[in-house]
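Here is the file final22.cif (mmCIF, C-alpha atoms).
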data_input
loop_
_atom_site.label_atom_id
_atom_site.label_comp_id
_atom_site.auth_asym_id
_atom_site.auth_seq_id
_atom_site.Cartn_x
_atom_site.Cartn_y
_atom_site.Cartn_z
CA MET A 1 -27.12 -29.61 22.65
CA ARG A 2 -24.40 -27.26 21.38
CA ILE A 3 -21.19 -29.26 20.78
CA LEU A 4 -17.76 -27.78 20.05
CA ILE A 5 -15.33 -29.84 17.95
CA VAL A 6 -11.71 -28.75 18.41
CA ASP A 7 -9.19 -30.21 15.96
CA ASP A 8 -6.57 -28.66 13.68
CA SER A 9 -7.57 -31.07 10.91
CA ALA A 10 -10.58 -29.88 8.91
CA THR A 11 -11.04 -33.46 7.68
CA MET A 12 -11.25 -34.83 11.22
CA ARG A 13 -13.68 -32.07 12.23
CA ARG A 14 -15.87 -33.05 9.26
CA ILE A 15 -15.71 -36.76 10.20
CA ILE A 16 -16.71 -36.03 13.79
CA ARG A 17 -19.43 -33.59 12.67
CA ASN A 18 -20.89 -36.22 10.32
CA ASN A 19 -20.83 -38.83 13.10
CA LEU A 20 -22.58 -36.41 15.44
CA LYS A 21 -25.25 -35.62 12.83
CA ALA A 22 -25.84 -39.34 12.28
CA ILE A 23 -26.71 -39.73 15.97
CA GLY A 24 -28.90 -36.63 16.14
CA TYR A 25 -26.58 -33.82 17.23
CA GLU A 26 -27.12 -31.00 14.73
CA THR A 27 -25.84 -27.95 16.60
CA VAL A 28 -22.08 -28.17 16.14
CA VAL A 29 -19.45 -25.43 16.35
CA GLU A 30 -15.83 -25.88 15.23
CA ALA A 31 -12.44 -24.54 16.32
CA GLU A 32 -8.98 -25.30 14.93
CA ASN A 33 -7.07 -25.04 18.24
CA GLY A 34 -7.53 -24.63 21.98
CA GLN A 35 -7.17 -20.86 21.96
CA SER A 36 -9.93 -20.47 19.39
CA ALA A 37 -12.01 -22.99 21.35
CA LEU A 38 -11.78 -20.95 24.55
CA ALA A 39 -13.12 -17.91 22.72
CA LYS A 40 -16.06 -19.95 21.40
CA ILE A 41 -16.74 -21.45 24.82
CA ALA A 42 -16.90 -17.94 26.26
CA SER A 43 -19.30 -16.64 23.61
CA ASP A 44 -21.30 -19.54 22.12
CA ALA A 45 -23.03 -21.28 25.07
CA ILE A 46 -21.15 -24.53 24.42
CA GLU A 47 -22.53 -27.55 26.29
CA PHE A 48 -20.05 -30.28 25.31
CA VAL A 49 -16.47 -30.23 23.96
CA ILE A 50 -14.78 -32.83 21.76
CA ALA A 51 -11.07 -32.01 21.45
CA ASP A 52 -7.97 -33.39 19.81
CA TRP A 53 -4.76 -33.56 21.85
CA SER A 54 -2.15 -32.42 19.28
CA MET A 55 -2.87 -28.94 17.93
CA PRO A 56 -0.84 -25.79 17.34
CA VAL A 57 -1.23 -22.64 19.46
CA MET A 58 -2.90 -24.47 22.40
CA ASP A 59 -3.16 -28.25 22.58
CA GLY A 60 -6.05 -30.28 23.93
CA LEU A 61 -4.52 -30.90 27.34
CA GLU A 62 -3.90 -27.17 27.84
CA LEU A 63 -7.49 -26.56 26.73
CA VAL A 64 -8.88 -29.00 29.30
CA LYS A 65 -6.80 -27.38 32.05
CA ALA A 66 -8.03 -23.91 31.02
CA ILE A 67 -11.65 -25.09 31.03
CA ARG A 68 -11.29 -26.73 34.46
CA SER A 69 -9.68 -23.59 35.92
CA SER A 70 -12.66 -21.44 34.89
CA PRO A 71 -15.35 -21.27 37.59
CA LYS A 72 -17.99 -20.70 34.91
CA HIS A 73 -16.97 -23.65 32.71
CA ALA A 74 -15.26 -26.08 35.12
CA LYS A 75 -18.07 -28.66 34.81
CA LEU A 76 -18.24 -28.52 30.98
CA PRO A 77 -18.04 -32.11 29.64
CA VAL A 78 -14.88 -32.72 27.61
CA LEU A 79 -14.22 -35.78 25.44
CA MET A 80 -10.72 -36.12 24.05
CA ILE A 81 -10.38 -37.86 20.68
CA THR A 82 -6.75 -38.31 19.75
CA ALA A 83 -4.13 -40.47 18.10
CA ALA A 84 -2.07 -40.16 21.30
CA ASP A 85 -2.56 -43.62 22.78
CA GLN A 86 0.43 -43.78 25.11
CA GLU A 87 -0.47 -44.60 28.69
CA GLU A 88 1.17 -41.39 29.93
CA HIS A 89 -1.14 -39.31 27.73
CA ILE A 90 -4.20 -41.09 29.06
CA VAL A 91 -2.99 -40.58 32.65
CA GLN A 92 -2.33 -36.86 31.99
CA ALA A 93 -5.81 -36.46 30.48
CA ILE A 94 -7.44 -38.14 33.47
CA GLN A 95 -5.40 -35.99 35.86
CA ALA A 96 -6.58 -32.90 33.94
CA ASP A 97 -10.17 -34.13 34.61
CA VAL A 98 -11.18 -35.01 31.06
CA ASN A 99 -14.54 -36.80 31.02
CA GLY A 100 -13.65 -39.34 28.34
CA TYR A 101 -10.89 -40.42 25.97
CA ILE A 102 -11.12 -42.09 22.55
CA VAL A 103 -8.14 -43.13 20.43
CA LYS A 104 -8.19 -42.44 16.66
CA PRO A 105 -9.22 -44.08 14.47
CA PHE A 106 -12.57 -44.79 16.10
CA GLU A 107 -15.88 -46.30 15.08
CA PRO A 108 -19.03 -44.14 15.18
CA ASP A 109 -20.65 -46.43 17.77
CA VAL A 110 -17.70 -45.82 20.12
CA LEU A 111 -18.28 -42.07 19.84
CA THR A 112 -21.99 -42.52 20.51
CA ALA A 113 -21.38 -44.74 23.53
CA LYS A 114 -18.76 -42.42 25.03
CA ILE A 115 -20.96 -39.32 24.65
CA GLN A 116 -23.88 -41.13 26.30
CA GLN A 117 -21.62 -42.41 29.08
CA ILE A 118 -20.42 -38.86 29.80
CA LEU A 119 -23.92 -37.35 29.65
CA ASN A 120 -25.23 -40.07 31.99
CA GLY A 121 -22.50 -39.27 34.52
CA SER A 122 -20.69 -42.59 34.25
CA PRO A 123 -17.09 -42.98 35.47
CA LYS A 124 -14.46 -41.00 33.57
CA ALA A 125 -12.11 -41.99 30.72
#
For this file, write the structure as C-alpha cells.
Amino acid sequence: MRILIVDDSATMRRIIRNNLKAIGYETVVEAENGQSALAKIASDAIEFVIADWSMPVMDGLELVKAIRSSPKHAKLPVLMITAADQEEHIVQAIQADVNGYIVKPFEPDVLTAKIQQILNGSPKA
C-alpha cells in the first residue's frame, strides 16, 4: 500500500514513517503541506493519507476538503494525526469526512489499530 505522510515537521514524518515500517508498510511518500500533498496524490497513486492539521500553505482540514471534493479521490482514506485535541477540531474533521483522528503524542499500537480500523471499514474518527 502506498501511504502519504503530510506534516510540516520532518521529525514527525520520520516518526510516523518508522512506525509504519515497524508494522509492515514500506511504501511511504512524504509531503510538507497540503498543497504539496495534493500534487503527490494526483501523480503518485496514493492509497492512504496520514495528515497533520496545522501546516503552512494548506492545512490538514483544507487538504481533507480538497480530497473529498475530487471525484477521483473522494474515497481516499485519510487519517489525521494532530496535536489539535479541542472538541471543535475533532467535530470539524468529522464533518470534513476524515476517516480517523489521533491526537499527538501517540503510541505506535494506536496508529496500527486506527489504520486497521479504517482499512476494515469501521466507523469513523
Applied to the shown file, which residues does the PyMOL selection byres ((chain A and resi 4) around 6) return, written as a ChimeraX atom specification?
-> /A:3,5,28-30,49
Rounded to one decimal place, report the atom CA of Val98 of chain A-atom CA of Ser9 of chain A distance in Å.
->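 Between atom CA of Val98 of chain A and atom CA of Ser9 of chain A the gap works out to 20.8 Å.
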Neighbour list for Ala31 of chain A as a PyMOL selection string, cut-off 6 Å, all atoms listed in the file, skip fewer than 4 positions in-chain | chain A and resi 6+36-37
For this file, the PyMOL selection byres ((chain A and resi 106) around 12) selects which residues, as a VMD selection string?
-> chain A and resid 12 15 to 16 19 80 to 83 101 to 105 107 to 114
Name every residue that the PyMOL selection byres ((chain A and resi 116) around 12) selects in this structure, writing the answer as a PyMOL selection string with chains first and numbers rising.
-> chain A and resi 20+23+25+48+77+79+99-100+109-115+117-124
Tell me, as a PyMOL selection string, which residues lie within 9 Å of Leu63 of chain A, counting only C-alpha atoms; anything in the same chain fewer than 2 positions away does not count.
-> chain A and resi 33-35+37-38+51+53+58-61+65-68
Mind giving me the straight-line distance from atom CA of Pro56 of chain A to atom CA of Pro71 of chain A in Å, one decimal?
-> 25.3 Å
Find the residues near Arg2 of chain A: any atom within 6 Å, counting only C-alpha atoms, skip ones fewer than 4 places away on the same chain, and give them as a list in words.
->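 Selected residues are Thr27, Val28, Ile46 and Glu47 of chain A.
Residues of protein, DNA and RNA with at least one atom no farther than 9 Å from (-20.6, -21.4, 31.2) are, using only C-alpha atoms, Ile41, Ala42, Ala45, Ile46, Glu47, Ser70, Pro71, Lys72, His73, Ala74, Lys75 and Leu76 of chain A.
Note that the spacing between atom CA of Glu26 of chain A and atom CA of Asp7 of chain A amounts to 18.0 Å.
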Closest of A:Lys40, A:Val64, A:Arg13, A:Ser69 to Asp97 of chain A - atom-to-atom distances counting only C-alpha atoms |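 Closest candidate: A:Val64.
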Where's the centre, and what are the edge lengths in Å to one decimal, of a box along x, y and z enclosing all listed atoms of segment 57-68 of chain A padded 8 Å per side, as JSON?
{"center_x": -6.4, "center_y": -26.8, "center_z": 27.0, "size_x": 26.4, "size_y": 24.3, "size_z": 31.0}
For segment 59-93 of chain A, supply N, CA and C atoms and report the output as a short mmCIF file (atom, residue, chain, number, x, y, z; two decimals), keeping the file's coordinate frame.
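What ended up in out-v7.cif:
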data_model
loop_
_atom_site.label_atom_id
_atom_site.label_comp_id
_atom_site.auth_asym_id
_atom_site.auth_seq_id
_atom_site.Cartn_x
_atom_site.Cartn_y
_atom_site.Cartn_z
N ASP A 59 -2.75 -26.86 22.80
CA ASP A 59 -3.16 -28.25 22.58
C ASP A 59 -4.37 -28.62 23.44
N GLY A 60 -4.85 -29.83 23.24
CA GLY A 60 -6.05 -30.28 23.93
C GLY A 60 -5.90 -30.37 25.44
N LEU A 61 -4.73 -30.80 25.90
CA LEU A 61 -4.52 -30.90 27.34
C LEU A 61 -4.53 -29.51 27.98
N GLU A 62 -3.88 -28.55 27.34
CA GLU A 62 -3.90 -27.17 27.84
C GLU A 62 -5.33 -26.62 27.83
N LEU A 63 -6.10 -26.98 26.81
CA LEU A 63 -7.49 -26.56 26.73
C LEU A 63 -8.30 -27.10 27.90
N VAL A 64 -8.15 -28.39 28.18
CA VAL A 64 -8.88 -29.00 29.30
C VAL A 64 -8.51 -28.30 30.61
N LYS A 65 -7.23 -28.05 30.82
CA LYS A 65 -6.80 -27.38 32.05
C LYS A 65 -7.38 -25.97 32.15
N ALA A 66 -7.44 -25.26 31.02
CA ALA A 66 -8.03 -23.91 31.02
C ALA A 66 -9.52 -23.96 31.33
N ILE A 67 -10.21 -24.94 30.76
CA ILE A 67 -11.65 -25.09 31.03
C ILE A 67 -11.87 -25.39 32.51
N ARG A 68 -11.11 -26.32 33.06
CA ARG A 68 -11.29 -26.73 34.46
C ARG A 68 -10.93 -25.61 35.44
N SER A 69 -10.06 -24.68 35.02
CA SER A 69 -9.68 -23.59 35.92
C SER A 69 -10.67 -22.43 35.89
N SER A 70 -11.66 -22.50 34.99
CA SER A 70 -12.66 -21.44 34.89
C SER A 70 -13.87 -21.78 35.75
N PRO A 71 -14.19 -20.97 36.76
CA PRO A 71 -15.35 -21.27 37.59
C PRO A 71 -16.64 -21.44 36.78
N LYS A 72 -16.78 -20.66 35.72
CA LYS A 72 -17.99 -20.70 34.91
C LYS A 72 -18.09 -21.97 34.07
N HIS A 73 -16.96 -22.52 33.64
CA HIS A 73 -16.97 -23.65 32.71
C HIS A 73 -16.35 -24.93 33.27
N ALA A 74 -15.99 -24.95 34.53
CA ALA A 74 -15.26 -26.08 35.12
C ALA A 74 -15.98 -27.42 34.97
N LYS A 75 -17.29 -27.42 34.91
CA LYS A 75 -18.07 -28.66 34.81
C LYS A 75 -18.44 -29.03 33.37
N LEU A 76 -17.96 -28.26 32.39
CA LEU A 76 -18.24 -28.52 30.98
C LEU A 76 -17.69 -29.89 30.59
N PRO A 77 -18.53 -30.78 30.04
CA PRO A 77 -18.04 -32.11 29.64
C PRO A 77 -17.05 -32.01 28.49
N VAL A 78 -15.92 -32.71 28.64
CA VAL A 78 -14.88 -32.72 27.61
C VAL A 78 -14.52 -34.16 27.26
N LEU A 79 -14.63 -34.48 25.98
CA LEU A 79 -14.22 -35.78 25.44
C LEU A 79 -13.00 -35.55 24.57
N MET A 80 -11.92 -36.25 24.85
CA MET A 80 -10.72 -36.12 24.05
C MET A 80 -10.67 -37.25 23.04
N ILE A 81 -10.52 -36.89 21.76
CA ILE A 81 -10.38 -37.86 20.68
C ILE A 81 -9.02 -37.59 20.06
N THR A 82 -8.12 -38.57 20.16
CA THR A 82 -6.75 -38.31 19.75
C THR A 82 -6.02 -39.56 19.30
N ALA A 83 -4.99 -39.36 18.53
CA ALA A 83 -4.13 -40.47 18.10
C ALA A 83 -3.12 -40.80 19.19
N ALA A 84 -3.01 -39.94 20.20
CA ALA A 84 -2.07 -40.16 21.30
C ALA A 84 -2.59 -41.27 22.21
N ASP A 85 -2.05 -42.48 22.01
CA ASP A 85 -2.56 -43.62 22.78
C ASP A 85 -1.58 -44.12 23.84
N GLN A 86 -0.51 -43.38 24.08
CA GLN A 86 0.43 -43.78 25.11
C GLN A 86 -0.22 -43.66 26.48
N GLU A 87 0.12 -44.59 27.36
CA GLU A 87 -0.47 -44.60 28.69
C GLU A 87 -0.26 -43.28 29.42
N GLU A 88 0.91 -42.66 29.24
CA GLU A 88 1.17 -41.39 29.93
C GLU A 88 0.23 -40.28 29.48
N HIS A 89 -0.18 -40.29 28.20
CA HIS A 89 -1.14 -39.31 27.73
C HIS A 89 -2.51 -39.52 28.37
N ILE A 90 -2.91 -40.77 28.45
CA ILE A 90 -4.20 -41.09 29.06
C ILE A 90 -4.20 -40.66 30.53
N VAL A 91 -3.11 -40.96 31.24
CA VAL A 91 -2.99 -40.58 32.65
C VAL A 91 -3.04 -39.05 32.79
N GLN A 92 -2.32 -38.33 31.93
CA GLN A 92 -2.33 -36.86 31.99
C GLN A 92 -3.74 -36.32 31.73
N ALA A 93 -4.45 -36.91 30.78
CA ALA A 93 -5.81 -36.46 30.48
C ALA A 93 -6.73 -36.69 31.67
#
